Amino acid sequence: MKIGTLLTVAIVSLSAVGGGLAVYVAATKYQTMDKISVAQRRLEIVRAVGDIPRYLNPERGFATNIMFGPPAVDPNQRAELNDKYRKQTDGAREKMNQIKATLPGSLEDGAAVASGMDALNVKFTALRETIDKALDGPAEARRDGAKKAVADNVAFNSAVTALLDEQVRKMALLDGGAYRQASYANIAWTPARRRR
């Protein structure tokens, strides 16, 4: 075999190997970028949904204190409930609903996540109605209203936990380290939710 032919074969072989390697690297980088994009999307869901109990629990606690207070509801406390506590909770819920509107098609389970968010909206509305009914109703019925508000709040927090747990599990497939950190945070957060 001539040297020129041998060199040509070697160059063609190296080019083929180099091209194959380039395709492999490009495909791997694309898969990595896709995983990062999905993980960011799921993290966005976790943050938005997780913010609602962060504000709702103090709102419900403040409302419960009003219910266990004097027979006449202080208009200043009612205004504080609406202006301070509910405003924050409504902002967190609005953010969740904005994310929900973008879900179909962006994740393989986007429809299921959106359905879970719809269920949270139903539970949230029921809790707010319980609180308002108790605050607007007679003083003797407020204690029962406060107990129902706490029970509704626990049901809401449980639904939030279920939705967040599923998102964290899906993130585990993308990055085990992220899953471990989220799992530790969830373990720390669960007893606090149960106490409320």
# chains A, B, ... in the order shown; residues from 1 in each chain; ligands from 1

call {"tool": "closest_atom_pairs", "arguments": {"of": "segment 96-148 of chain A", "to": "segment 85-90 of chain A", "cutoff": "12 Å", "atoms": "only C-alpha atoms", "output": "Markdown table"}}
result
| residue | atom | partner | partner_atom | distance |
| --- | --- | --- | --- | --- |
| A:Met96 | CA | A:Asp90 | CA | 9.8 |
| A:Asn97 | CA | A:Asp90 | CA | 10.4 |
| A:Asn121 | CA | A:Asp90 | CA | 11.0 |
| A:Phe124 | CA | A:Thr89 | CA | 10.2 |
| A:Thr125 | CA | A:Asp90 | CA | 11.1 |
| A:Arg128 | CA | A:Arg86 | CA | 9.7 |
| A:Ile131 | CA | A:Arg86 | CA | 11.7 |
| A:Asp132 | CA | A:Arg86 | CA | 11.9 |

call {"tool": "residues_around", "arguments": {"residues": "Ala149 of chain A", "least_positions_apart": "2", "cutoff": "7 Å", "atoms": "only C-alpha atoms", "output": "PyMOL selection string"}}
result
chain A and resi 127+130-131+145-147+151-153

call {"tool": "write_last_selection", "arguments": {"atoms": "N, CA and C atoms", "output": "PDB file, in the first residue's frame"}}
result
ATOM      1  N   LEU A 127     -61.248  27.471  51.980  1.00  0.00           N
ATOM      2  CA  LEU A 127     -60.673  27.983  53.228  1.00  0.00           C
ATOM      3  C   LEU A 127     -61.043  29.450  53.426  1.00  0.00           C
ATOM      4  N   THR A 130     -64.635  29.769  54.445  1.00  0.00           N
ATOM      5  CA  THR A 130     -64.809  29.371  55.844  1.00  0.00           C
ATOM      6  C   THR A 130     -64.432  30.524  56.769  1.00  0.00           C
ATOM      7  N   ILE A 131     -63.307  31.146  56.490  1.00  0.00           N
ATOM      8  CA  ILE A 131     -62.837  32.257  57.327  1.00  0.00           C
ATOM      9  C   ILE A 131     -63.816  33.426  57.255  1.00  0.00           C
ATOM     10  N   GLY A 145     -66.010  27.905  63.544  1.00  0.00           N
ATOM     11  CA  GLY A 145     -65.437  28.381  62.282  1.00  0.00           C
ATOM     12  C   GLY A 145     -63.919  28.330  62.312  1.00  0.00           C
ATOM     13  N   ALA A 146     -63.346  28.675  63.454  1.00  0.00           N
ATOM     14  CA  ALA A 146     -61.886  28.641  63.594  1.00  0.00           C
ATOM     15  C   ALA A 146     -61.376  27.208  63.471  1.00  0.00           C
ATOM     16  N   LYS A 147     -62.080  26.263  64.083  1.00  0.00           N
ATOM     17  CA  LYS A 147     -61.676  24.846  63.985  1.00  0.00           C
ATOM     18  C   LYS A 147     -61.764  24.352  62.543  1.00  0.00           C
ATOM     19  N   ALA A 151     -58.797  23.011  60.008  1.00  0.00           N
ATOM     20  CA  ALA A 151     -58.905  21.742  59.278  1.00  0.00           C
ATOM     21  C   ALA A 151     -58.756  21.961  57.771  1.00  0.00           C
ATOM     22  N   ASP A 152     -59.386  23.025  57.252  1.00  0.00           N
ATOM     23  CA  ASP A 152     -59.259  23.340  55.819  1.00  0.00           C
ATOM     24  C   ASP A 152     -57.820  23.704  55.469  1.00  0.00           C
ATOM     25  N   ASN A 153     -57.152  24.403  56.374  1.00  0.00           N
ATOM     26  CA  ASN A 153     -55.752  24.782  56.153  1.00  0.00           C
ATOM     27  C   ASN A 153     -54.855  23.545  56.110  1.00  0.00           C
TER      28      ASN A 153
END

call {"tool": "closest_residue", "arguments": {"among": "A:Ala79, A:Ala111, A:Ala63, A:Ile45", "to": "Ala134 of chain A", "atoms": "only C-alpha atoms"}}
result
A:Ala63

call {"tool": "select_by_dssp", "arguments": {"residues": "segment 41-142 of chain A", "states": "helix (DSSP H, G or I)", "output": "number ranges by chain"}}
result
A: 41-67, 75-101, 110-136, 139-142

call {"tool": "closest_residue", "arguments": {"among": "A:Val38, A:Leu135, A:Val122, A:Met117", "to": "Phe62 of chain A", "atoms": "only C-alpha atoms"}}
result
A:Leu135

call {"tool": "closest_residue", "arguments": {"among": "A:Glu108, A:Glu129, A:Asp136, A:Asp74", "to": "Arg60 of chain A", "atoms": "only C-alpha atoms"}}
result
A:Glu129

call {"tool": "closest_residue", "arguments": {"among": "A:Gln98, A:Gln40, A:Asn157, A:Thr8", "to": "Leu56 of chain A", "atoms": "only C-alpha atoms"}}
result
A:Asn157
